Structure formats: C-alpha cells, structure tokens
$ cat target_23.cif   # mmCIF, C-alpha atoms
data_structure
loop_
_atom_site.label_atom_id
_atom_site.label_comp_id
_atom_site.auth_asym_id
_atom_site.auth_seq_id
_atom_site.Cartn_x
_atom_site.Cartn_y
_atom_site.Cartn_z
CA MET P 4 -17.39 6.17 -49.62
CA ILE P 5 -18.45 3.44 -47.23
CA PHE P 6 -19.68 5.78 -44.46
CA LEU P 7 -22.10 7.55 -46.79
CA ASP P 8 -23.28 4.20 -48.15
CA LEU P 9 -23.72 2.94 -44.58
CA PHE P 10 -25.75 6.01 -43.70
CA ILE P 11 -28.03 5.75 -46.74
CA THR P 12 -28.50 2.01 -46.21
CA PHE P 13 -29.56 2.28 -42.58
CA PHE P 14 -31.70 5.32 -43.32
CA LYS P 15 -33.59 3.17 -45.85
CA ILE P 16 -33.85 0.37 -43.31
CA GLY P 17 -35.29 2.79 -40.75
CA LEU P 18 -37.73 4.18 -43.30
CA PHE P 19 -39.04 0.84 -44.57
CA GLY P 20 -38.52 -1.30 -41.49
CA PHE P 21 -42.09 -2.31 -40.77
CA GLY P 22 -43.08 -5.16 -38.51
CA GLY P 23 -40.86 -4.61 -35.48
CA GLY P 24 -37.36 -5.89 -34.84
CA TYR P 25 -37.70 -9.15 -36.74
CA GLY P 26 -39.25 -7.54 -39.79
CA MET P 27 -36.35 -5.13 -39.81
CA LEU P 28 -33.82 -7.98 -39.64
CA SER P 29 -34.92 -9.09 -43.09
CA LEU P 30 -34.07 -5.65 -44.49
CA ILE P 31 -30.78 -5.44 -42.63
CA GLN P 32 -29.81 -8.85 -43.91
CA HIS P 33 -30.71 -8.06 -47.50
CA GLU P 34 -28.87 -4.76 -47.50
CA THR P 35 -25.74 -5.63 -45.54
CA VAL P 36 -25.22 -9.28 -46.52
CA GLU P 37 -26.82 -9.85 -49.92
CA ARG P 38 -26.37 -6.45 -51.54
CA ALA P 39 -23.35 -4.71 -50.03
CA HIS P 40 -21.45 -7.83 -48.86
CA TRP P 41 -20.30 -5.99 -45.75
CA LEU P 42 -20.83 -9.08 -43.62
CA SER P 43 -20.99 -12.83 -44.16
CA THR P 44 -24.16 -14.76 -43.32
CA SER P 45 -22.54 -16.32 -40.27
CA GLU P 46 -21.42 -12.90 -39.03
CA PHE P 47 -24.96 -11.63 -39.48
CA THR P 48 -26.36 -14.61 -37.59
CA ASP P 49 -23.91 -14.00 -34.75
CA ILE P 50 -25.00 -10.37 -34.64
CA VAL P 51 -28.65 -11.40 -34.39
CA ALA P 52 -27.78 -13.79 -31.54
CA ILE P 53 -25.92 -11.12 -29.61
CA SER P 54 -28.61 -8.50 -30.30
CA GLN P 55 -31.19 -10.89 -28.94
CA MET P 56 -29.22 -11.59 -25.76
CA THR P 57 -28.27 -8.03 -24.81
CA PRO P 58 -30.60 -5.35 -23.44
CA GLY P 59 -32.18 -2.85 -25.78
CA PRO P 60 -34.29 -3.01 -28.94
CA ILE P 61 -33.06 -5.59 -31.47
CA GLY P 62 -33.15 -3.05 -34.30
CA ILE P 63 -30.77 -0.67 -32.53
CA ASN P 64 -28.52 -3.46 -31.32
CA SER P 65 -28.10 -5.02 -34.73
CA ALA P 66 -27.64 -1.67 -36.51
CA THR P 67 -24.91 -0.69 -34.06
CA TYR P 68 -23.22 -4.04 -34.47
CA CYS P 69 -23.56 -4.18 -38.26
CA GLY P 70 -22.12 -0.68 -38.58
CA TYR P 71 -19.15 -1.66 -36.47
CA THR P 72 -18.50 -4.93 -38.32
CA ALA P 73 -18.98 -3.43 -41.79
CA ILE P 74 -16.30 -0.81 -41.21
CA HIS P 75 -14.09 -3.28 -39.39
CA ASN P 76 -14.31 -5.76 -42.29
CA ALA P 77 -13.49 -2.99 -44.74
CA GLY P 78 -10.08 -2.81 -43.09
CA TYR P 79 -10.45 0.30 -40.95
CA GLY P 80 -9.26 0.63 -37.37
CA GLU P 81 -11.18 0.56 -34.12
CA LEU P 82 -12.02 4.26 -33.99
CA MET P 83 -13.45 4.24 -37.52
CA ALA P 84 -15.48 1.14 -36.66
CA ILE P 85 -16.98 2.96 -33.67
CA LEU P 86 -17.79 5.84 -35.98
CA GLY P 87 -19.42 3.32 -38.31
CA SER P 88 -21.66 1.99 -35.57
CA ALA P 89 -22.68 5.56 -34.66
CA THR P 90 -23.40 6.28 -38.33
CA ALA P 91 -25.62 3.21 -38.70
CA THR P 92 -27.50 3.85 -35.45
CA ILE P 93 -28.16 7.53 -36.13
CA ALA P 94 -29.21 6.76 -39.70
CA LEU P 95 -31.66 4.12 -38.43
CA VAL P 96 -33.25 6.50 -35.93
CA LEU P 97 -33.46 9.53 -38.23
CA PRO P 98 -36.48 8.42 -40.32
CA SER P 99 -38.36 7.66 -37.09
CA LEU P 100 -37.57 11.13 -35.83
CA ILE P 101 -38.85 12.76 -39.01
CA LEU P 102 -41.92 10.53 -39.33
CA MET P 103 -43.03 10.65 -35.70
CA ILE P 104 -42.68 14.43 -35.60
CA LEU P 105 -44.66 14.77 -38.83
CA ILE P 106 -47.34 12.51 -37.40
CA SER P 107 -47.38 14.44 -34.10
CA ARG P 108 -47.68 17.78 -35.85
CA LEU P 109 -49.85 17.04 -38.83
CA PHE P 110 -51.12 13.54 -39.32
CA MET P 111 -52.27 12.31 -35.94
CA LYS P 112 -55.90 12.70 -36.95
CA TYR P 113 -55.42 10.74 -40.18
CA MET P 114 -53.81 7.70 -38.59
CA ASN P 115 -57.09 5.93 -38.01
CA THR P 116 -58.71 6.72 -41.34
CA ARG P 117 -59.57 4.04 -43.86
CA PRO P 118 -56.83 4.68 -46.47
CA VAL P 119 -54.08 4.58 -43.84
CA ARG P 120 -55.55 1.47 -42.28
CA SER P 121 -55.73 -0.15 -45.73
CA VAL P 122 -52.02 0.47 -46.25
CA PHE P 123 -51.21 -1.22 -42.95
CA THR P 124 -53.57 -4.09 -43.78
CA GLY P 125 -51.64 -4.63 -46.99
CA LEU P 126 -48.29 -4.53 -45.21
CA ARG P 127 -49.05 -7.18 -42.61
CA PRO P 128 -49.04 -10.29 -44.85
CA ALA P 129 -45.98 -8.96 -46.66
CA VAL P 130 -44.07 -8.63 -43.38
CA VAL P 131 -44.81 -12.31 -42.73
CA GLY P 132 -43.19 -13.01 -46.10
CA LEU P 133 -40.19 -10.86 -45.15
CA LEU P 134 -39.64 -12.89 -42.01
CA ALA P 135 -40.01 -16.16 -43.92
CA ALA P 136 -37.43 -14.94 -46.44
CA ALA P 137 -35.03 -14.00 -43.65
CA THR P 138 -35.37 -17.51 -42.22
CA LEU P 139 -34.84 -19.17 -45.62
CA LEU P 140 -31.80 -17.04 -46.41
CA LEU P 141 -30.22 -17.99 -43.09
CA CYS P 142 -30.75 -21.72 -43.75
CA ASN P 143 -27.46 -22.06 -45.59
CA PRO P 144 -24.17 -23.96 -45.30
CA GLU P 145 -22.54 -21.14 -43.35
CA ASN P 146 -24.96 -21.68 -40.47
CA PHE P 147 -25.73 -25.39 -40.82
CA SER P 148 -22.78 -26.85 -42.75
CA THR P 149 -23.80 -29.55 -45.29
CA PRO P 150 -24.36 -33.33 -45.11
CA ILE P 151 -21.40 -33.84 -47.44
CA VAL P 152 -18.82 -31.46 -45.97
CA ASN P 153 -19.54 -32.15 -42.33
CA PRO P 154 -22.47 -34.52 -41.68
CA TRP P 155 -21.93 -34.48 -37.91
CA GLN P 156 -22.22 -30.68 -37.66
CA PHE P 157 -25.09 -30.64 -40.16
CA TRP P 158 -27.29 -33.05 -38.21
CA ILE P 159 -26.44 -31.48 -34.87
CA SER P 160 -27.39 -28.11 -36.37
CA ILE P 161 -30.72 -29.49 -37.63
CA ALA P 162 -31.39 -30.94 -34.17
CA LEU P 163 -30.56 -27.60 -32.49
CA PHE P 164 -32.80 -25.77 -34.95
CA ALA P 165 -35.69 -28.15 -34.23
CA ALA P 166 -35.12 -28.07 -30.48
CA THR P 167 -35.05 -24.27 -30.40
CA ALA P 168 -38.16 -23.97 -32.58
CA PHE P 169 -39.99 -26.43 -30.34
CA GLY P 170 -38.64 -24.89 -27.14
CA THR P 171 -39.49 -21.28 -27.89
CA GLY P 172 -42.54 -21.85 -30.08
CA TYR P 173 -44.30 -24.59 -28.16
CA LEU P 174 -42.87 -24.79 -24.64
CA LYS P 175 -42.47 -20.99 -24.46
CA ILE P 176 -38.93 -21.19 -23.12
CA ASN P 177 -37.22 -17.81 -22.97
CA PRO P 178 -35.21 -17.29 -26.22
CA ILE P 179 -32.16 -16.07 -24.31
CA ARG P 180 -32.12 -19.26 -22.28
CA MET P 181 -32.45 -21.31 -25.49
CA ILE P 182 -29.44 -19.51 -26.98
CA CYS P 183 -27.44 -20.38 -23.86
CA TYR P 184 -28.44 -24.06 -24.19
CA ALA P 185 -27.45 -24.03 -27.84
CA ALA P 186 -24.09 -22.45 -26.98
CA PHE P 187 -23.49 -25.18 -24.42
CA ALA P 188 -24.47 -27.89 -26.91
CA GLY P 189 -22.12 -26.33 -29.46
CA LEU P 190 -19.29 -26.35 -26.97
CA LEU P 191 -19.86 -30.03 -26.13
CA LEU P 192 -20.67 -31.40 -29.58
CA LEU P 193 -19.11 -29.08 -32.16
CA TYR P 194 -15.78 -28.21 -30.53
CA MET G 11 -40.23 17.31 -5.62
CA PRO G 12 -38.03 20.09 -6.99
CA LYS G 13 -38.53 20.75 -10.66
CA ALA G 14 -35.63 18.97 -12.31
CA ASN G 15 -34.48 19.70 -15.83
CA ILE G 16 -37.05 18.03 -18.07
CA TYR G 17 -34.53 17.11 -20.77
CA TRP G 18 -32.31 15.35 -18.29
CA GLU G 19 -35.32 13.74 -16.61
CA SER G 20 -36.77 12.38 -19.85
CA PHE G 21 -33.34 11.27 -21.06
CA LYS G 22 -32.81 9.34 -17.81
CA THR G 23 -36.25 7.75 -17.98
CA PHE G 24 -35.80 6.46 -21.52
CA PHE G 25 -32.24 5.40 -20.80
CA LYS G 26 -33.72 3.19 -18.10
CA ILE G 27 -36.36 1.88 -20.49
CA GLY G 28 -33.63 1.16 -23.05
CA ILE G 29 -31.56 -0.77 -20.53
CA PHE G 30 -34.33 -2.90 -19.14
CA THR G 31 -35.76 -4.08 -22.44
CA LEU G 32 -34.46 -7.58 -22.92
CA GLY G 33 -35.23 -9.37 -26.15
CA GLY G 34 -36.71 -6.19 -27.54
CA GLY G 35 -40.24 -5.58 -28.66
CA TYR G 36 -43.28 -5.35 -26.56
CA ALA G 37 -41.91 -6.57 -23.25
CA MET G 38 -41.18 -2.91 -22.55
CA ILE G 39 -44.77 -1.66 -22.69
CA PRO G 40 -45.51 -2.19 -18.97
CA LEU G 41 -42.28 -0.41 -18.06
CA ILE G 42 -43.08 2.52 -20.34
CA GLU G 43 -46.51 2.76 -18.82
CA GLU G 44 -45.13 2.71 -15.29
CA GLU G 45 -42.55 5.41 -15.98
CA VAL G 46 -44.36 7.69 -18.38
CA VAL G 47 -47.96 7.45 -17.16
CA ASN G 48 -47.84 6.57 -13.47
CA ARG G 49 -44.61 8.12 -12.33
CA HIS G 50 -44.02 11.21 -14.44
CA LYS G 51 -47.57 11.77 -15.75
CA TRP G 52 -46.26 12.95 -19.12
CA VAL G 53 -49.18 11.39 -20.97
CA SER G 54 -52.46 9.80 -19.91
CA LYS G 55 -52.99 6.09 -20.21
CA GLU G 56 -55.43 6.47 -23.12
CA GLU G 57 -52.99 8.70 -24.93
CA LEU G 58 -50.21 6.17 -24.45
CA LEU G 59 -52.39 3.39 -25.88
CA ASP G 60 -53.02 5.51 -28.98
CA LEU G 61 -49.32 6.25 -29.33
CA ILE G 62 -48.45 2.56 -28.95
CA ALA G 63 -50.91 1.63 -31.71
CA ILE G 64 -49.40 4.21 -34.08
CA ALA G 65 -45.79 3.42 -33.15
CA GLN G 66 -46.39 -0.27 -33.82
CA SER G 67 -47.75 0.23 -37.30
CA CYS G 68 -45.11 2.78 -38.30
CA PRO G 69 -41.70 1.78 -39.65
CA GLY G 70 -38.66 1.93 -37.41
CA VAL G 71 -37.79 0.70 -33.97
CA PHE G 72 -40.87 0.57 -31.77
CA ALA G 73 -39.17 1.81 -28.58
CA ILE G 74 -37.58 4.70 -30.44
CA ASN G 75 -40.89 5.68 -32.02
CA ILE G 76 -42.60 5.81 -28.64
CA ALA G 77 -39.69 7.75 -27.14
CA ILE G 78 -39.83 10.34 -29.92
CA PHE G 79 -43.60 10.78 -29.55
CA ILE G 80 -43.30 11.46 -25.84
CA GLY G 81 -40.18 13.60 -26.08
CA TYR G 82 -41.78 15.69 -28.80
CA LYS G 83 -44.90 16.14 -26.77
CA LEU G 84 -42.84 17.37 -23.81
CA ARG G 85 -40.37 19.74 -25.47
CA LYS G 86 -40.70 19.55 -29.27
CA LEU G 87 -37.58 18.63 -31.26
CA ARG G 88 -35.14 18.95 -28.39
CA GLY G 89 -37.31 16.77 -26.19
CA ALA G 90 -37.56 14.16 -28.94
CA LEU G 91 -33.77 14.17 -29.35
CA ALA G 92 -33.31 13.71 -25.60
CA THR G 93 -35.65 10.71 -25.38
CA ALA G 94 -34.46 9.07 -28.62
CA PHE G 95 -30.85 9.46 -27.56
CA GLY G 96 -31.69 8.08 -24.12
CA THR G 97 -33.35 4.97 -25.59
CA ALA G 98 -30.56 4.22 -28.05
CA LEU G 99 -27.54 4.98 -25.87
CA PRO G 100 -27.52 1.90 -23.57
CA SER G 101 -27.82 -0.45 -26.57
CA PHE G 102 -25.12 1.43 -28.40
CA LEU G 103 -22.64 1.31 -25.53
CA ILE G 104 -23.28 -2.32 -24.61
CA ILE G 105 -23.08 -3.55 -28.21
CA LEU G 106 -19.94 -1.54 -28.83
CA ALA G 107 -18.25 -3.10 -25.82
CA ILE G 108 -19.24 -6.57 -27.00
CA ALA G 109 -18.23 -5.89 -30.61
CA ILE G 110 -14.75 -4.79 -29.55
CA PHE G 111 -14.42 -7.77 -27.23
CA PHE G 112 -15.84 -10.26 -29.73
CA ALA G 113 -13.59 -9.08 -32.56
CA ALA G 114 -10.63 -10.13 -30.41
CA PHE G 115 -12.07 -13.49 -29.33
CA LYS G 116 -13.79 -14.63 -32.51
CA GLU G 117 -10.94 -16.95 -33.41
CA ASN G 118 -10.95 -18.49 -29.97
CA ARG G 119 -11.82 -22.19 -30.35
CA ILE G 120 -14.27 -22.25 -27.44
CA ILE G 121 -16.17 -19.17 -28.60
CA ALA G 122 -16.21 -20.49 -32.18
CA ALA G 123 -17.70 -23.82 -31.02
CA MET G 124 -20.36 -22.04 -28.99
CA PHE G 125 -21.40 -19.98 -31.99
CA ARG G 126 -21.59 -23.06 -34.21
CA GLY G 127 -24.29 -24.22 -31.81
CA ILE G 128 -25.94 -20.81 -31.51
CA ARG G 129 -26.35 -20.13 -35.25
CA PRO G 130 -28.96 -22.81 -36.06
CA ALA G 131 -30.81 -21.85 -32.87
CA VAL G 132 -30.98 -18.22 -33.99
CA VAL G 133 -32.45 -19.26 -37.34
CA ALA G 134 -35.19 -21.02 -35.36
CA LEU G 135 -35.70 -17.86 -33.30
CA ILE G 136 -36.54 -16.02 -36.53
CA ALA G 137 -38.64 -18.89 -37.90
CA VAL G 138 -40.95 -19.07 -34.88
CA PRO G 139 -42.18 -15.43 -34.95
CA THR G 140 -42.87 -15.89 -38.67
CA PHE G 141 -45.70 -18.24 -37.74
CA ARG G 142 -46.77 -16.16 -34.78
CA MET G 143 -46.96 -13.09 -36.99
CA ALA G 144 -48.84 -15.08 -39.62
CA GLN G 145 -51.50 -15.79 -37.01
CA SER G 146 -51.85 -12.20 -35.90
CA ALA G 147 -51.93 -11.02 -39.53
CA LYS G 148 -54.83 -13.48 -40.05
CA ILE G 149 -53.10 -15.46 -42.78
CA GLY G 150 -55.44 -18.19 -44.07
CA TRP G 151 -56.07 -20.19 -47.24
CA THR G 152 -57.23 -17.19 -49.25
CA ASN G 153 -54.31 -14.88 -48.56
CA CYS G 154 -51.41 -17.21 -47.78
CA TRP G 155 -50.13 -16.69 -51.33
CA ILE G 156 -49.09 -13.14 -50.37
CA PRO G 157 -46.38 -14.03 -47.83
CA VAL G 158 -45.34 -17.03 -49.96
CA VAL G 159 -44.86 -14.90 -53.07
CA CYS G 160 -43.05 -12.19 -51.07
CA ALA G 161 -40.72 -14.71 -49.45
CA LEU G 162 -39.91 -16.48 -52.72
CA ALA G 163 -39.29 -13.17 -54.50
CA ILE G 164 -36.76 -12.18 -51.84
CA TRP G 165 -35.23 -15.61 -51.36
CA LEU G 166 -34.94 -16.88 -54.92
CA LEU G 167 -35.04 -13.76 -57.07
CA GLY G 168 -33.13 -11.48 -54.72
CA VAL G 169 -35.83 -8.78 -54.82
CA SER G 170 -35.22 -6.10 -52.19
CA PRO G 171 -37.63 -6.28 -49.23
CA ILE G 172 -38.01 -2.52 -49.64
CA TYR G 173 -39.82 -3.00 -52.97
CA ILE G 174 -41.99 -5.67 -51.38
CA ILE G 175 -42.97 -3.20 -48.63
CA ILE G 176 -43.77 -0.44 -51.14
CA ILE G 177 -45.83 -2.74 -53.36
CA ALA G 178 -47.68 -4.25 -50.40
CA GLY G 179 -48.55 -0.83 -48.99
CA LEU G 180 -49.79 0.38 -52.36
CA ALA G 181 -51.75 -2.82 -52.96
CA GLY G 182 -53.37 -2.53 -49.54
CA TYR G 183 -54.32 1.06 -50.27
CA LEU G 184 -55.86 0.21 -53.65
CA TYR G 185 -57.59 -2.84 -52.25
CA GLY G 186 -59.12 -0.74 -49.48
CA ILE G 187 -60.38 1.86 -51.94
CA TYR G 188 -61.58 -0.16 -54.91
CA ILE G 189 -62.30 -3.71 -53.81
CA LYS G 190 -63.29 -3.75 -50.20
CA PRO G 191 -64.28 -0.25 -49.16
CA THR G 192 -65.74 -1.43 -45.89
CA GLU G 193 -63.47 -2.90 -43.27
CA SER G 194 -63.81 -2.14 -39.64
#
$ encode --input "target_23.cif" --output "structure tokens"
Amino acid sequence: MIFLDLFITFFKIGLFGFGGGYGMLSLIQHETVERAHWLSTSEFTDIVAISQMTPGPIGINSATYCGYTAIHNAGYGELMAILGSATATIALVLPSLILMILISRLFMKYMNTRPVRSVFTGLRPAVVGLLAAATLLLCNPENFSTPIVNPWQFWISIALFAATAFGTGYLKINPIRMICYAAFAGLLLLY
Amino acid sequence: MPKANIYWESFKTFFKIGIFTLGGGYAMIPLIEEEVVNRHKWVSKEELLDLIAIAQSCPGVFAINIAIFIGYKLRKLRGALATAFGTALPSFLIILAIAIFFAAFKENRIIAAMFRGIRPAVVALIAVPTFRMAQSAKIGWTNCWIPVVCALAIWLLGVSPIYIIIIAGLAGYLYGIYIKPTES
C-alpha cells in the first residue's frame, strides 16, 4: 500500500531530519530515490530546484512535491496524487508536532543540559557528511550526462556546476537568481 | 483592537510567515520576530531566542517547529495545529499548483532544456552549504574523518542516513559522558 509506505517514510524523515532543509534533503533522497524508487534522480533534482525557488520551507515544499510525484509515477490519477502530497506533508510535520509538544510540556528544562548538548554535538559533523553524500549522489549521469554519451552537455553541466558554486559560495549571489541564469544557459546551450 | 479569534489570528500570522520565506531556512527569523514579538506580543524576545535555539537543533522543519512552539504556548494542541497548518498551507498550495502544471509541461522541449541547465546548478546549491555547515560545525583536521566516513557510507555502501543520525547522536552522547565531560 503505497500511501501507508509514503506516510511511514515521511514520518521517519520528519523524525530524523536534523540539520535544516538541506540535511533533510539527504534523507528524502535516500528514501524516495535510492530505497523506494518512487522518483528518478533527475526528478528529485528538479523537485529540489522548484522547492528552492518557491516560497516556503524547503522541507515542506519537497515533501509535498515528492508525495505528488511518487503517487503520480505509480500510475494513479490527479486526485490521488494530491492526496499523496497531503499524506507526505502531514507525515513530515507530525513528528515535529509530537516532539515540540513533548519538549514544551516536559523537557524544556533539559534542553540545555550536558547530555542533550553532547547528542547535538555528535550530530553536527554527521549532518555535514549527510549533505556531502547528497551532493555526491546527485553527481550522476542523469544530472550531468557523461563525456562519452554527450560530451557537449557534460562539459556545459560541469561549467554550470562550477559557476553556481562560485556564484553562490563566493560572490554570494542569490541562489534563486543563479537557478534562473542556469535555466537560461540551458535554454541557449542545451536545447 | 477588538479581540479577534486567536486561532484564526495565529493561523493568519504563520500563513504570512510561510508565504514570505523564500529559499527557506533562517531568512524568516526577522519576520517571525516582527510578527510574534513586536506585533502580537505572544512571546518575549528572550523567549523567542530560546525557542529558535531549540527548534534549530531539533529534527524537522525549522519554521514548523517554531510555529508549533508558539501555537502550543497560546492554545495548547489546537493552537499548535492552527500555526503548523498555517505555516505549511502556502507551500502546499503553491507546490501543488506547480506540480500539476509541470506534469503537463515536462515533455515540452523548452522546459526540458531549461532543466538540463538547472540540474547541475542545483547540485552546486547543495554542495556549497556542505562547506558552510562544515565551518559552523567546526570541522578540522582532527574530526574531518566523521563527515567523510558518513558520506562514504551513504554514497558507496548505501547506508541509510537515518542510521548515521542515530549512531552520531549516540556517539556524541557517549563522548560527552565518558571522554570529554567538560564542554561549555
């Protein structure tokens, strides 16, 4: 039953999604692309792009979109796909609801104690690894093509990757603007 | 000002916060502060700073976590539902509209070409915060093996990031207790 699976998957993602939107992307990718094969890598990348460019938290945006696409790809109609996006979004928010209420009621005073801080200290370097893994998993032929299959697209892709990394990382250009530039470059060079 | 329904009021406020967060993350903090502290006086500034610190270290979507904290403080579970729903709804509706539209235009040659350009750029957009986060997590020569091992385990061995999170949390806990019991 794909809806139940979708619910459990996004509940897990909400429960273990440390490190903000990008940290969560690594989990979403592993669960929806690598494990369940609900989406292809390029579909996932498109979803990240759109989630980045539209208002709202990236986690919610991508969960909504992944839920929709997963059900859509499984061959269901529009209405079911909308139900899928609602399932994924609610499942993602539910662990937060439970955890934040528990913290508000019971654990607020423990949040700044040494054991809890130690747990968070241990998580931080791991989240860096999660992000690195997400990057590495996305560096594949679906997103970049290959030098043998399509050298032109491959080298253009490498150039766009480098330009975007330099632009957002070093020149501090707004990521949304960089995506628009890349879309324009794609239209001109990869049509 | 007449006393409006608090559920509706808090729903509206977080709906607004949900709409105006572009690119996600921490860009929304000033807006939350303006709405929740200055305008509605639901929490004090100090309280909000505490909540932000907790919401950031907890799992889940940061904006949703903050919304739930404030909603719960106002009207318990029903308040939390109102604010969480308010934060998520704009995203949900906008993405749904795009998903329906995009499903129809995916095969369009122009759109397809644009996304061939966008995809490598998006990979870079995930690569850059990796390094930024490495800086803020104080990754240096002594601990850089941790993210490297985690990344390789996920990338090459297909280990679930969930296990990595569980192990890292446990390891941090044990490290804090047995190896380095003093860390400010």
$ resolve_selection --input "target_23.cif" --expression "the PyMOL selection byres ((chain G and resi 81-91) around 10)" --output "mmCIF file with C-alpha atoms, in the frame of the given file"
data_model
loop_
_atom_site.group_PDB
_atom_site.id
_atom_site.type_symbol
_atom_site.label_atom_id
_atom_site.label_comp_id
_atom_site.auth_asym_id
_atom_site.auth_seq_id
_atom_site.Cartn_x
_atom_site.Cartn_y
_atom_site.Cartn_z
ATOM 1 C CA LEU P 100 -37.570 11.130 -35.830
ATOM 2 C CA ILE P 101 -38.850 12.760 -39.010
ATOM 3 C CA MET P 103 -43.030 10.650 -35.700
ATOM 4 C CA ILE P 104 -42.680 14.430 -35.600
ATOM 5 C CA SER P 107 -47.380 14.440 -34.100
ATOM 6 C CA ARG P 108 -47.680 17.780 -35.850
ATOM 7 C CA ILE G 16 -37.050 18.030 -18.070
ATOM 8 C CA TYR G 17 -34.530 17.110 -20.770
ATOM 9 C CA TRP G 18 -32.310 15.350 -18.290
ATOM 10 C CA SER G 20 -36.770 12.380 -19.850
ATOM 11 C CA PHE G 21 -33.340 11.270 -21.060
ATOM 12 C CA PHE G 24 -35.800 6.460 -21.520
ATOM 13 C CA TRP G 52 -46.260 12.950 -19.120
ATOM 14 C CA VAL G 53 -49.180 11.390 -20.970
ATOM 15 C CA ILE G 74 -37.580 4.700 -30.440
ATOM 16 C CA ASN G 75 -40.890 5.680 -32.020
ATOM 17 C CA ILE G 76 -42.600 5.810 -28.640
ATOM 18 C CA ALA G 77 -39.690 7.750 -27.140
ATOM 19 C CA ILE G 78 -39.830 10.340 -29.920
ATOM 20 C CA PHE G 79 -43.600 10.780 -29.550
ATOM 21 C CA ILE G 80 -43.300 11.460 -25.840
ATOM 22 C CA ALA G 92 -33.310 13.710 -25.600
ATOM 23 C CA THR G 93 -35.650 10.710 -25.380
ATOM 24 C CA ALA G 94 -34.460 9.070 -28.620
ATOM 25 C CA PHE G 95 -30.850 9.460 -27.560
ATOM 26 C CA GLY G 96 -31.690 8.080 -24.120
ATOM 27 C CA THR G 97 -33.350 4.970 -25.590
#
$ residues_around --input "target_23.cif" --residues "stretch 129-137 of chain G" --least-positions-apart "6" --cutoff "10 Å" --atoms "all atoms listed in the file" --output "ChimeraX atom specification"
/P:25-26,28-29,44-53,55,134-143,145-148,157,159-172,178-179,181-186,189
$ atom_distance --input "target_23.cif" --atom1 "atom CA of G:Leu41" --atom2 "atom CA of G:Gly28"
10.1 Å
$ resolve_selection --input "target_23.cif" --expression "the PyMOL selection byres ((chain G and resi 117-120) around 12)" --output "count of residues only"
22
$ closest_residue --input "target_23.cif" --among "G:Tyr173, G:Phe30, G:Trp151, G:Tyr188" --to "chain P" --atoms "only C-alpha atoms"
G:Phe30
$ decode --input "target_23.cif" --residues "stretch 138-153 of chain P" --atoms "N, CA and C atoms" --output "PDB file, in the first residue's frame"
ATOM      1  N   THR P 138      25.183  15.505  -2.155  1.00  0.00           N
ATOM      2  CA  THR P 138      25.855  16.100  -3.310  1.00  0.00           C
ATOM      3  C   THR P 138      26.439  15.014  -4.206  1.00  0.00           C
ATOM      4  N   LEU P 139      27.161  14.059  -3.586  1.00  0.00           N
ATOM      5  CA  LEU P 139      27.823  13.012  -4.380  1.00  0.00           C
ATOM      6  C   LEU P 139      26.802  12.162  -5.137  1.00  0.00           C
ATOM      7  N   LEU P 140      25.676  11.854  -4.470  1.00  0.00           N
ATOM      8  CA  LEU P 140      24.671  11.017  -5.121  1.00  0.00           C
ATOM      9  C   LEU P 140      24.015  11.732  -6.296  1.00  0.00           C
ATOM     10  N   LEU P 141      23.993  13.064  -6.223  1.00  0.00           N
ATOM     11  CA  LEU P 141      23.371  13.815  -7.326  1.00  0.00           C
ATOM     12  C   LEU P 141      24.338  14.031  -8.493  1.00  0.00           C
ATOM     13  N   CYS P 142      25.646  13.809  -8.237  1.00  0.00           N
ATOM     14  CA  CYS P 142      26.631  13.939  -9.328  1.00  0.00           C
ATOM     15  C   CYS P 142      26.586  12.667 -10.159  1.00  0.00           C
ATOM     16  N   ASN P 143      25.582  12.515 -10.976  1.00  0.00           N
ATOM     17  CA  ASN P 143      25.477  11.274 -11.758  1.00  0.00           C
ATOM     18  C   ASN P 143      25.039  11.601 -13.179  1.00  0.00           C
ATOM     19  N   PRO P 144      25.089  10.605 -14.058  1.00  0.00           N
ATOM     20  CA  PRO P 144      24.793  10.865 -15.481  1.00  0.00           C
ATOM     21  C   PRO P 144      23.415  11.479 -15.722  1.00  0.00           C
ATOM     22  N   GLU P 145      22.456  11.191 -14.851  1.00  0.00           N
ATOM     23  CA  GLU P 145      21.129  11.765 -15.059  1.00  0.00           C
ATOM     24  C   GLU P 145      21.152  13.289 -14.993  1.00  0.00           C
ATOM     25  N   ASN P 146      22.006  13.827 -14.129  1.00  0.00           N
ATOM     26  CA  ASN P 146      22.074  15.282 -13.983  1.00  0.00           C
ATOM     27  C   ASN P 146      23.145  15.923 -14.859  1.00  0.00           C
ATOM     28  N   PHE P 147      24.222  15.170 -15.139  1.00  0.00           N
ATOM     29  CA  PHE P 147      25.367  15.768 -15.827  1.00  0.00           C
ATOM     30  C   PHE P 147      25.618  15.168 -17.211  1.00  0.00           C
ATOM     31  N   SER P 148      24.926  14.095 -17.568  1.00  0.00           N
ATOM     32  CA  SER P 148      25.265  13.299 -18.735  1.00  0.00           C
ATOM     33  C   SER P 148      26.689  12.749 -18.556  1.00  0.00           C
ATOM     34  N   THR P 149      27.295  12.169 -19.583  1.00  0.00           N
ATOM     35  CA  THR P 149      28.663  11.649 -19.451  1.00  0.00           C
ATOM     36  C   THR P 149      29.505  12.126 -20.631  1.00  0.00           C
ATOM     37  N   PRO P 150      30.857  12.112 -20.474  1.00  0.00           N
ATOM     38  CA  PRO P 150      31.714  12.584 -21.569  1.00  0.00           C
ATOM     39  C   PRO P 150      31.575  11.713 -22.809  1.00  0.00           C
ATOM     40  N   ILE P 151      31.122  10.466 -22.640  1.00  0.00           N
ATOM     41  CA  ILE P 151      31.030   9.579 -23.803  1.00  0.00           C
ATOM     42  C   ILE P 151      29.680   9.741 -24.507  1.00  0.00           C
ATOM     43  N   VAL P 152      28.610   9.725 -23.714  1.00  0.00           N
ATOM     44  CA  VAL P 152      27.271   9.806 -24.310  1.00  0.00           C
ATOM     45  C   VAL P 152      27.030  11.171 -24.947  1.00  0.00           C
ATOM     46  N   ASN P 153      27.340  12.220 -24.189  1.00  0.00           N
ATOM     47  CA  ASN P 153      27.066  13.559 -24.692  1.00  0.00           C
ATOM     48  C   ASN P 153      28.081  14.556 -24.113  1.00  0.00           C
TER      49      ASN P 153
END
